[in-house]
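Engineer: My structure is in model07.cif, and what it holds is mmCIF, C-alpha atoms:
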```
data_structure
loop_
_atom_site.label_atom_id
_atom_site.label_comp_id
_atom_site.auth_asym_id
_atom_site.auth_seq_id
_atom_site.Cartn_x
_atom_site.Cartn_y
_atom_site.Cartn_z
CA MET A 11 93.42 94.33 46.21
CA CYS A 12 90.21 94.47 48.15
CA PRO A 13 88.95 97.95 48.75
CA ILE A 14 88.67 99.02 52.44
CA LEU A 15 85.13 99.65 53.32
CA PRO A 16 84.43 103.17 54.66
CA GLY A 17 82.77 101.77 57.79
CA PHE A 18 85.72 99.51 58.61
CA ARG A 19 88.15 102.41 58.09
CA THR A 20 86.16 104.56 60.53
CA TYR A 21 86.16 101.71 63.07
CA VAL A 22 89.95 101.27 62.86
CA MET A 23 90.59 105.00 63.15
CA GLY A 24 88.34 105.14 66.20
CA ILE A 25 90.33 102.40 67.92
CA LEU A 26 93.65 104.10 67.14
CA LEU A 27 92.35 107.43 68.43
CA ALA A 28 91.10 105.82 71.61
CA LEU A 29 94.45 104.13 72.23
CA THR A 30 96.32 107.37 71.62
CA SER A 31 94.05 109.26 73.99
CA THR A 32 94.46 106.59 76.67
CA GLU A 33 98.26 106.71 76.40
CA ARG A 34 98.22 110.48 76.64
CA LEU A 35 95.93 110.35 79.68
CA ILE A 36 98.24 107.93 81.45
CA ALA A 37 101.36 109.90 80.58
CA GLU A 38 99.98 113.25 81.76
CA PRO A 39 99.93 114.07 85.47
CA ALA A 40 96.64 114.57 87.28
CA ASP A 41 94.84 117.86 86.82
CA PRO A 42 95.66 120.61 89.34
CA ILE A 43 93.21 120.96 92.20
CA LYS A 44 92.15 124.51 92.99
CA ALA A 45 91.24 125.14 96.59
CA GLU A 46 87.76 126.41 97.30
CA GLU A 47 89.18 128.37 100.20
CA ALA A 48 92.66 129.05 101.60
CA ARG A 49 93.99 130.86 104.63
CA ILE A 50 97.41 131.45 106.15
CA GLU A 51 98.08 130.51 109.76
CA LEU A 52 101.05 130.71 112.10
CA ILE A 53 102.69 127.42 113.08
CA ARG A 54 104.83 128.49 116.02
CA GLN A 55 103.73 131.36 118.26
CA VAL A 56 104.92 130.60 121.76
CA PRO A 57 104.43 132.57 125.00
CA ILE A 58 107.74 132.53 126.88
CA SER A 59 107.46 132.19 130.66
CA THR A 60 109.72 131.47 133.63
CA GLU A 61 109.97 128.25 135.63
CA VAL A 62 110.43 130.03 138.97
CA THR A 63 108.69 132.60 141.13
CA GLY A 64 110.45 135.91 141.57
CA LYS A 65 110.98 139.48 140.41
CA LEU A 66 112.02 140.15 136.83
CA LYS A 67 115.57 141.44 136.58
CA SER A 68 115.65 141.98 132.81
CA VAL A 69 113.40 141.44 129.79
CA SER A 70 114.96 141.56 126.35
CA PRO A 71 113.79 142.68 123.90
CA SER A 72 111.58 145.04 125.86
CA GLU A 73 109.77 146.25 122.73
CA GLU A 74 107.53 144.42 120.30
CA GLY A 75 108.71 143.92 116.75
CA GLN A 76 112.31 143.05 117.67
CA TYR A 77 113.94 139.93 116.22
CA VAL A 78 115.72 137.41 118.43
CA GLU A 79 118.07 134.59 117.52
CA GLN A 80 117.78 131.07 118.90
CA ASN A 81 119.46 130.68 122.34
CA GLU A 82 119.56 134.45 122.86
CA LEU A 83 118.98 135.52 126.50
CA MET A 84 115.46 136.90 126.88
CA ILE A 85 114.44 136.81 130.56
CA GLU A 86 116.34 137.07 133.85
CA VAL A 87 114.77 136.69 137.31
CA GLU A 88 116.42 138.02 140.48
CA ASP A 89 118.68 135.17 141.61
CA GLU A 90 120.79 136.47 144.52
CA LEU A 91 119.47 133.92 147.03
CA ILE A 92 119.91 130.89 144.78
CA ARG A 93 123.40 132.09 143.85
CA ARG A 94 124.39 132.05 147.54
CA GLU A 95 122.96 128.55 147.90
CA VAL A 96 125.02 127.41 144.91
CA ALA A 97 128.18 128.97 146.38
CA GLU A 98 127.57 127.21 149.69
CA ALA A 99 126.96 123.84 148.01
CA GLU A 100 130.05 124.29 145.86
CA LYS A 101 132.24 125.04 148.91
CA LYS A 102 130.97 121.99 150.77
CA PHE A 103 131.47 119.77 147.76
CA HIS A 104 135.06 120.81 147.25
CA SER A 105 135.91 120.49 150.94
CA VAL A 106 137.91 117.27 151.62
CA VAL A 107 138.46 117.74 155.36
CA GLU A 108 136.10 114.94 156.36
CA ILE A 109 137.66 112.50 153.92
CA GLU A 110 141.20 113.40 154.95
CA PHE A 111 140.32 112.97 158.63
CA ALA A 112 138.79 109.54 157.91
CA VAL A 113 141.87 108.49 155.95
CA VAL A 114 144.19 109.47 158.82
CA ALA A 115 141.99 107.70 161.37
CA LEU A 116 141.99 104.53 159.30
CA ALA A 117 145.77 104.64 158.85
CA LYS A 118 146.29 105.02 162.62
CA ALA A 119 143.92 102.11 163.39
CA GLU A 120 145.69 99.88 160.89
CA VAL A 121 149.12 100.78 162.36
CA ASP A 122 147.87 100.04 165.89
CA LEU A 123 146.52 96.69 164.84
CA LYS A 124 149.76 95.77 163.05
CA GLN A 125 151.90 96.70 166.05
CA ARG A 126 149.78 94.71 168.49
CA MET A 127 149.71 91.70 166.21
CA GLU A 128 153.54 91.77 165.93
CA ALA A 129 153.93 92.22 169.68
CA ASN A 130 151.63 89.33 170.40
CA ALA A 131 153.55 87.13 168.01
CA LYS A 132 156.68 87.55 170.18
CA TYR A 133 155.58 88.21 173.73
CA LYS A 134 151.78 87.82 173.92
CA SER A 135 151.53 91.42 175.16
CA PHE A 136 147.84 91.95 174.34
CA SER A 137 144.80 89.88 175.15
CA ASP A 138 142.42 88.53 172.58
CA ASN A 139 139.86 91.10 173.67
CA GLU A 140 142.29 93.96 173.09
CA ILE A 141 143.16 92.62 169.66
CA ARG A 142 139.45 92.34 168.83
CA GLN A 143 138.85 95.95 169.90
CA THR A 144 141.72 97.12 167.70
CA GLU A 145 140.26 95.23 164.74
CA LEU A 146 136.92 96.90 165.39
CA GLU A 147 138.65 100.29 165.37
CA VAL A 148 139.99 99.49 161.88
CA LYS A 149 136.52 98.52 160.64
CA LYS A 150 135.04 101.63 162.23
CA SER A 151 137.61 103.81 160.47
CA GLN A 152 136.90 102.06 157.17
CA ALA A 153 133.16 102.69 157.58
CA SER A 154 133.82 106.33 158.48
CA LEU A 155 135.91 106.79 155.32
CA ALA A 156 133.20 105.17 153.16
CA LYS A 157 130.57 107.46 154.72
CA SER A 158 132.71 110.54 154.08
CA ARG A 159 133.05 109.62 150.42
CA GLU A 160 129.31 108.93 150.15
CA ASP A 161 128.59 112.30 151.76
CA GLN A 162 130.87 113.85 149.16
CA GLU A 163 128.80 112.29 146.38
CA ILE A 164 125.60 113.61 147.96
CA LEU A 165 127.12 117.09 148.16
CA GLY A 166 127.94 116.78 144.46
CA LEU A 167 124.31 115.95 143.68
CA THR A 168 123.17 118.89 145.82
CA LEU A 169 125.51 121.19 143.92
CA ALA A 170 124.19 119.88 140.58
CA THR A 171 120.60 120.43 141.76
CA LYS A 172 121.28 123.98 142.93
CA THR A 173 123.12 124.75 139.69
CA ALA A 174 120.15 123.46 137.67
CA GLN A 175 117.80 125.59 139.76
CA LEU A 176 119.99 128.63 139.12
CA ALA A 177 119.75 127.99 135.37
CA GLN A 178 115.96 128.24 135.60
CA TYR A 179 116.30 131.91 136.52
CA LYS A 180 117.33 132.65 132.94
CA VAL A 181 115.25 131.94 129.85
CA TYR A 182 116.69 131.74 126.33
CA ALA A 183 114.91 131.94 122.98
CA PRO A 184 113.80 128.42 121.95
CA PHE A 185 113.96 129.42 118.27
CA SER A 186 114.64 132.46 116.12
CA GLY A 187 111.64 134.70 115.69
CA LEU A 188 109.86 137.98 116.15
CA VAL A 189 108.73 139.29 119.53
CA THR A 190 105.05 139.99 118.96
CA LYS A 191 103.94 140.69 122.54
CA VAL A 192 105.55 142.00 125.74
CA HIS A 193 103.49 140.91 128.75
CA ARG A 194 105.77 141.81 131.69
CA TRP A 195 108.54 144.30 132.42
CA PRO A 196 111.54 144.39 134.79
CA GLY A 197 110.51 144.91 138.40
CA GLN A 198 107.27 142.96 138.10
CA SER A 199 106.81 139.68 139.96
CA VAL A 200 106.08 136.51 138.03
CA ARG A 201 105.09 132.96 138.81
CA PRO A 202 105.82 129.81 136.81
CA GLY A 203 103.78 129.85 133.62
CA ASP A 204 103.14 133.61 133.57
CA PRO A 205 103.82 134.78 129.99
CA VAL A 206 106.53 137.42 129.78
CA LEU A 207 107.17 137.58 126.03
CA THR A 208 105.53 136.02 122.99
CA ILE A 209 107.82 134.96 120.16
CA THR A 210 106.56 134.13 116.68
CA ASP A 211 108.39 132.13 114.03
CA MET A 212 107.72 133.75 110.65
CA SER A 213 110.13 131.63 108.63
CA GLU A 214 107.51 128.98 107.86
CA LEU A 215 103.73 129.35 107.92
CA ARG A 216 100.85 127.01 107.23
CA ALA A 217 98.18 127.27 104.58
CA VAL A 218 94.90 125.54 105.38
CA LEU A 219 93.03 124.62 102.20
CA LYS A 220 89.46 123.54 101.61
CA ILE A 221 89.04 121.39 98.49
CA ASP A 222 86.10 119.59 96.95
CA TYR A 223 85.78 116.22 98.67
CA LYS A 224 85.22 114.55 95.29
CA ARG A 225 88.94 114.94 94.59
CA ARG A 226 90.09 113.55 97.92
CA ARG A 227 91.56 110.42 96.28
CA GLU A 228 93.95 112.58 94.26
CA VAL A 229 95.52 114.30 97.29
CA PHE A 230 98.60 112.87 99.03
CA VAL A 231 100.94 114.03 101.77
CA GLY A 232 104.08 115.39 100.12
CA ASP A 233 102.36 116.83 97.04
CA PRO A 234 103.49 120.34 96.10
CA VAL A 235 101.09 123.25 96.40
CA GLU A 236 101.31 126.62 94.70
CA ILE A 237 100.32 129.46 97.01
CA ARG A 238 99.61 132.83 95.43
CA ILE A 239 98.88 136.01 97.34
CA ASP A 240 95.45 137.19 96.25
CA THR A 241 96.04 140.51 94.51
CA THR A 242 92.91 140.21 92.40
CA GLY A 243 90.57 141.52 95.06
CA LYS A 244 88.45 138.40 95.16
CA SER A 245 88.87 138.04 98.90
CA ILE A 246 89.11 141.68 100.00
CA ARG A 247 88.01 144.90 98.37
CA ALA A 248 89.52 148.26 99.17
CA GLU A 249 87.30 150.77 100.91
CA SER A 250 87.42 154.44 100.02
CA PRO A 251 87.66 157.07 102.76
CA ARG A 252 84.48 158.84 103.76
CA LEU A 253 83.98 162.33 102.39
CA ASP A 254 83.91 165.13 104.92
CA SER A 255 80.95 167.46 104.89
CA ASP A 256 82.90 170.28 103.25
CA GLU A 257 84.12 167.94 100.48
CA ARG A 258 80.63 166.98 99.35
CA THR A 259 79.57 168.72 96.15
CA SER A 260 76.91 167.88 93.65
CA ASP A 261 77.06 164.21 94.65
CA GLU A 262 75.64 164.97 98.12
CA GLY A 263 72.46 163.07 98.59
CA ASN A 264 73.31 160.57 95.85
CA ASP A 265 74.48 157.78 98.16
CA SER A 266 74.08 155.07 95.53
CA GLU A 267 76.57 156.83 93.28
CA LEU A 268 79.13 157.04 96.08
CA PHE A 269 78.80 153.33 96.81
CA ASN A 270 79.17 152.46 93.15
CA ARG A 271 82.54 154.18 92.96
CA SER A 272 84.44 152.20 95.55
CA GLY A 273 84.15 150.32 98.80
CA PRO A 274 82.57 146.90 99.20
CA TYR A 275 80.38 147.39 96.15
CA ALA A 276 83.11 148.65 93.81
CA PRO A 277 82.78 147.20 90.30
CA GLU A 278 86.57 146.79 90.00
CA PRO A 279 88.81 145.95 92.97
CA VAL A 280 91.75 148.23 93.66
CA PHE A 281 94.76 145.87 93.74
CA ALA A 282 98.12 145.66 92.10
CA ALA A 283 98.80 143.15 89.36
CA PRO A 284 100.17 139.77 90.50
CA GLN A 285 103.97 139.54 90.69
CA GLN A 286 106.37 136.63 90.92
CA ASP A 287 107.11 137.55 94.55
CA ASP A 288 103.49 136.74 95.34
CA VAL A 289 103.94 133.04 94.47
CA PHE A 290 105.12 130.47 97.02
CA THR A 291 105.57 126.71 96.93
CA GLY A 292 104.43 124.60 99.86
CA THR A 293 104.16 120.92 100.70
CA ILE A 294 101.19 118.99 102.04
CA ARG A 295 101.98 117.82 105.59
CA PHE A 296 98.61 116.72 106.91
CA ILE A 297 95.21 115.77 105.53
CA ASP A 298 92.31 116.08 107.95
CA PRO A 299 90.44 112.76 108.04
CA ALA A 300 87.13 114.51 108.81
CA LEU A 301 85.14 116.14 106.01
CA GLN A 302 83.43 119.46 106.64
CA GLU A 303 80.17 120.83 105.30
CA ASN A 304 79.40 124.50 104.89
CA ARG A 305 76.41 125.88 103.00
CA GLY A 306 75.90 122.65 101.16
CA LEU A 307 79.53 122.31 100.06
CA VAL A 308 81.42 119.30 101.44
CA THR A 309 85.18 119.93 101.63
CA LEU A 310 88.39 118.23 102.68
CA SER A 311 90.83 120.19 104.86
CA VAL A 312 94.47 120.06 103.75
CA HIS A 313 97.35 121.54 105.77
CA VAL A 314 100.34 122.84 103.82
CA ASP A 315 103.70 124.00 105.20
CA VAL A 316 104.89 127.05 103.28
CA PRO A 317 108.44 128.46 103.62
CA ASN A 318 108.22 132.22 103.97
CA ARG A 319 110.41 134.79 102.22
CA GLN A 320 111.61 138.28 103.04
CA ASP A 321 111.76 141.32 100.82
CA LYS A 322 114.83 143.53 100.47
CA PHE A 323 113.82 145.37 103.64
CA GLY A 324 113.74 142.20 105.70
CA ARG A 325 109.94 142.07 105.95
CA TYR A 326 108.24 138.70 105.65
CA LEU A 327 105.91 138.49 102.67
CA LEU A 328 103.44 135.98 104.10
CA GLN A 329 101.40 136.93 107.15
CA GLN A 330 98.62 135.31 109.08
CA GLY A 331 95.22 136.11 107.62
CA LEU A 332 96.66 137.17 104.26
CA PRO A 333 94.20 136.36 101.45
CA VAL A 334 95.70 133.70 99.21
CA GLU A 335 94.72 131.31 96.46
CA ALA A 336 96.08 127.78 96.34
CA VAL A 337 96.42 125.05 93.74
CA ILE A 338 97.54 121.50 94.52
CA ILE A 339 99.78 119.96 91.87
CA PRO A 340 99.25 116.19 92.25
CA LYS A 341 102.28 114.07 91.48
CA LYS A 342 102.03 111.41 88.80
CA ARG A 343 101.33 108.04 90.38
CA ASP A 344 100.83 104.61 88.93
CA GLU A 345 97.36 103.21 89.37
#
```
Could you take the file, read its structure, and then write that structure out as structure tokens?
Structural biologist:
Amino acid sequence: MCPILPGFRTYVMGILLALTSTERLIAEPADPIKAEEARIELIRQVPISTEVTGKLKSVSPSEEGQYVEQNELMIEVEDELIRREVAEAEKKFHSVVEIEFAVVALAKAEVDLKQRMEANAKYKSFSDNEIRQTELEVKKSQASLAKSREDQEILGLTLATKTAQLAQYKVYAPFSGLVTKVHRWPGQSVRPGDPVLTITDMSELRAVLKIDYKRRREVFVGDPVEIRIDTTGKSIRAESPRLDSDERTSDEGNDSELFNRSGPYAPEPVFAAPQQDDVFTGTIRFIDPALQENRGLVTLSVHVDVPNRQDKFGRYLLQQGLPVEAVIIPKKRDE
């Protein structure tokens, strides 16, 4: 048996190691991508206004911080005049006097024509001109009946229009959410487009991430993103209250010592330890095609939809402007 040369053995082992490493690299998903910057934004915050001019009859809720369900009545405008117009249109539409009169007139004209035609067949009692006039009376009655029915259809359209206008005097919640601003109150006059209430949907927010543009090829719409509320103090540091003059002791005059204890120059941020409730999972919905540059760092903007959660008191955990950290978890994809 020929001995295996040490150099050849090293060469073979190197090839096997390289193959093993390549297989492992292919099998493992891409490395997570940590966002350079992340912020939480609201997706739906809508000012609710009326479509008509008038005086506000009711505004509900009339206080900020109240929750409304979708299709819940929020705004009513004084509608007495339009209600009377609807009642008038409805009465006209349901009236059948004109149609009944036209039907009777047509029946009489047809009977007259029949009688004259029968009489002429036996005794030639009526002239051709009289017969022609009777035929014209039948056609006139037919036209009158058709017009009455057409007028009835027009009255139906008028009623539908007035009813639709009446519906504009009430505004319902387009989605479930929190009333975050009350702009007008009952008794005030409004015009179309004047905001009366602002409703905010807190059930789903958006995280806007800034990532290193070098990893742009690894980011895809639909990839999951881990959002963690920043409790480490990296984004915000707690400030200590100022000392009143009577609370100053031996430290008075030593401003540097006071700043070293807390505030923006505190050596250790004052924040609670991260908890599981601080972690959320979002999904990439949009990737901005334009890169951005700030202080020499080129980044890609990624928009992530994040379902919100509530604590046991019903308060939403994510809020706009809340400091967060984000990590994109790229899905495994074949090259």
Engineer: Can you pull out the residues contacting Glu73 in chain A? Cut-off 9 Å, using all atoms listed in the file, and skip same-chain residues under 2 positions away; I want them as a ChimeraX atom specification.
Structural biologist: /A:70-71,75-76,189-192
Engineer: Which is closer to Gln198 in chain A than all the others in A:Glu110, A:Glu86, A:Glu100, A:Glu61, using only C-alpha atoms?
Structural biologist: A:Glu86
Engineer: Work out how far apart CA of Leu188 in chain A and CA of Met212 in chain A are and give it in Å to one decimal.
Structural biologist: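 Between these atoms lies a distance of 7.3 Å.
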Engineer: For a cutoff of 10 Å around the file-coordinate point (141.3, 93.6, 159.5), which residues qualify once you count only C-alpha atoms? I'd like the result as a short mmCIF file (atom, residue, chain, number, x, y, z; two decimals) with C-alpha atoms, in the coordinates of the input.
Structural biologist:
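The resulting point-v6.cif:
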```cif
data_model
loop_
_atom_site.label_atom_id
_atom_site.label_comp_id
_atom_site.auth_asym_id
_atom_site.auth_seq_id
_atom_site.Cartn_x
_atom_site.Cartn_y
_atom_site.Cartn_z
CA ALA A 119 143.92 102.11 163.39
CA GLU A 120 145.69 99.88 160.89
CA LEU A 123 146.52 96.69 164.84
CA LYS A 124 149.76 95.77 163.05
CA ARG A 142 139.45 92.34 168.83
CA THR A 144 141.72 97.12 167.70
CA GLU A 145 140.26 95.23 164.74
CA LEU A 146 136.92 96.90 165.39
CA GLU A 147 138.65 100.29 165.37
CA VAL A 148 139.99 99.49 161.88
CA LYS A 149 136.52 98.52 160.64
CA GLN A 152 136.90 102.06 157.17
#
```
Engineer: Please identify all polymer residues within 8 Å of Phe230 in chain A, counting all atoms listed in the file, omitting same-chain residues fewer than 5 positions from it, and present them as a PyMOL selection string.
Structural biologist: chain A and resi 294+297+340
Engineer: Report as an MDAnalysis selection string the residues that result from applying the PyMOL selection byres ((chain A and resi 300) around 8) to the structure here.
Structural biologist: chainID A and resid 298:299 301:302 310:311
Engineer: Pick the closest to Val229 in chain A from A:Thr242, A:Leu215, A:Phe296, A:Glu108: which is it, counting all atoms listed in the file?
Structural biologist: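 Using all atoms listed in the file, the shortest distance to Val229 in chain A belongs to A:Phe296.
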Engineer: Go ahead and compute the interatomic distance for CA of Asp89 in chain A and CA of Arg194 in chain A, in Å to one decimal.
Structural biologist: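 That distance, rounded to one decimal, is 17.6 Å.
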Engineer: For CA of Lys65 in chain A and CA of Val87 in chain A, determine how far apart the two atoms are, in Å to one decimal place.
Structural biologist: 5.6 Å
Engineer: Counting all atoms listed in the file, what is within 12 Å of Lys224 in chain A, bar same-chain residues fewer than 2 positions away, as a list in words?
Structural biologist: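 With the cut-off at 12 Å, the set is Ile43, Lys220, Ile221, Asp222, Arg226, Arg227, Glu228, Val229, Leu301, Leu307, Val308, Thr309 and Leu310 of chain A.
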Engineer: May I have the protein, DNA and RNA residues with an atom at most 10 Å from (106.2, 127.2, 103.8), counting only C-alpha atoms in the file's coordinates, returned as a PDB file with C-alpha atoms, in the coordinates of the input?
Structural biologist:
```
ATOM      1  CA  ILE A  53     102.690 127.420 113.080  1.00  0.00           C
ATOM      2  CA  MET A 212     107.720 133.750 110.650  1.00  0.00           C
ATOM      3  CA  SER A 213     110.130 131.630 108.630  1.00  0.00           C
ATOM      4  CA  GLU A 214     107.510 128.980 107.860  1.00  0.00           C
ATOM      5  CA  LEU A 215     103.730 129.350 107.920  1.00  0.00           C
ATOM      6  CA  ARG A 216     100.850 127.010 107.230  1.00  0.00           C
ATOM      7  CA  ALA A 217      98.180 127.270 104.580  1.00  0.00           C
ATOM      8  CA  VAL A 235     101.090 123.250  96.400  1.00  0.00           C
ATOM      9  CA  ILE A 237     100.320 129.460  97.010  1.00  0.00           C
ATOM     10  CA  PHE A 290     105.120 130.470  97.020  1.00  0.00           C
ATOM     11  CA  THR A 291     105.570 126.710  96.930  1.00  0.00           C
ATOM     12  CA  GLY A 292     104.430 124.600  99.860  1.00  0.00           C
ATOM     13  CA  THR A 293     104.160 120.920 100.700  1.00  0.00           C
ATOM     14  CA  ILE A 294     101.190 118.990 102.040  1.00  0.00           C
ATOM     15  CA  VAL A 314     100.340 122.840 103.820  1.00  0.00           C
ATOM     16  CA  ASP A 315     103.700 124.000 105.200  1.00  0.00           C
ATOM     17  CA  VAL A 316     104.890 127.050 103.280  1.00  0.00           C
ATOM     18  CA  PRO A 317     108.440 128.460 103.620  1.00  0.00           C
ATOM     19  CA  ASN A 318     108.220 132.220 103.970  1.00  0.00           C
ATOM     20  CA  ARG A 319     110.410 134.790 102.220  1.00  0.00           C
ATOM     21  CA  LEU A 328     103.440 135.980 104.100  1.00  0.00           C
TER      22      LEU A 328
END
```
Engineer: Give me the residues near Ser154 in chain A as a list of chain:residue names, where near means some atom within 9 Å (using only C-alpha atoms) and where sequence neighbours in that chain fewer than 5 positions away do not count.
Structural biologist: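 Counting only the stated atoms, we get A:Ile109, A:Ala112, A:Val113, A:Ala115, A:Leu116, A:Lys149, A:Arg159.
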Engineer: Using C-alpha atoms, can you write the selected residues to a file as a compact mmCIF listing (two decimals), keeping the file's coordinate frame?
Structural biologist:
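result-v9.txt written:
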```
# COMPACT_ATOMS: atom_id res chain seq x y z
CA ILE A 109 137.66 112.50 153.92
CA ALA A 112 138.79 109.54 157.91
CA VAL A 113 141.87 108.49 155.95
CA ALA A 115 141.99 107.70 161.37
CA LEU A 116 141.99 104.53 159.30
CA LYS A 149 136.52 98.52 160.64
CA ARG A 159 133.05 109.62 150.42
```
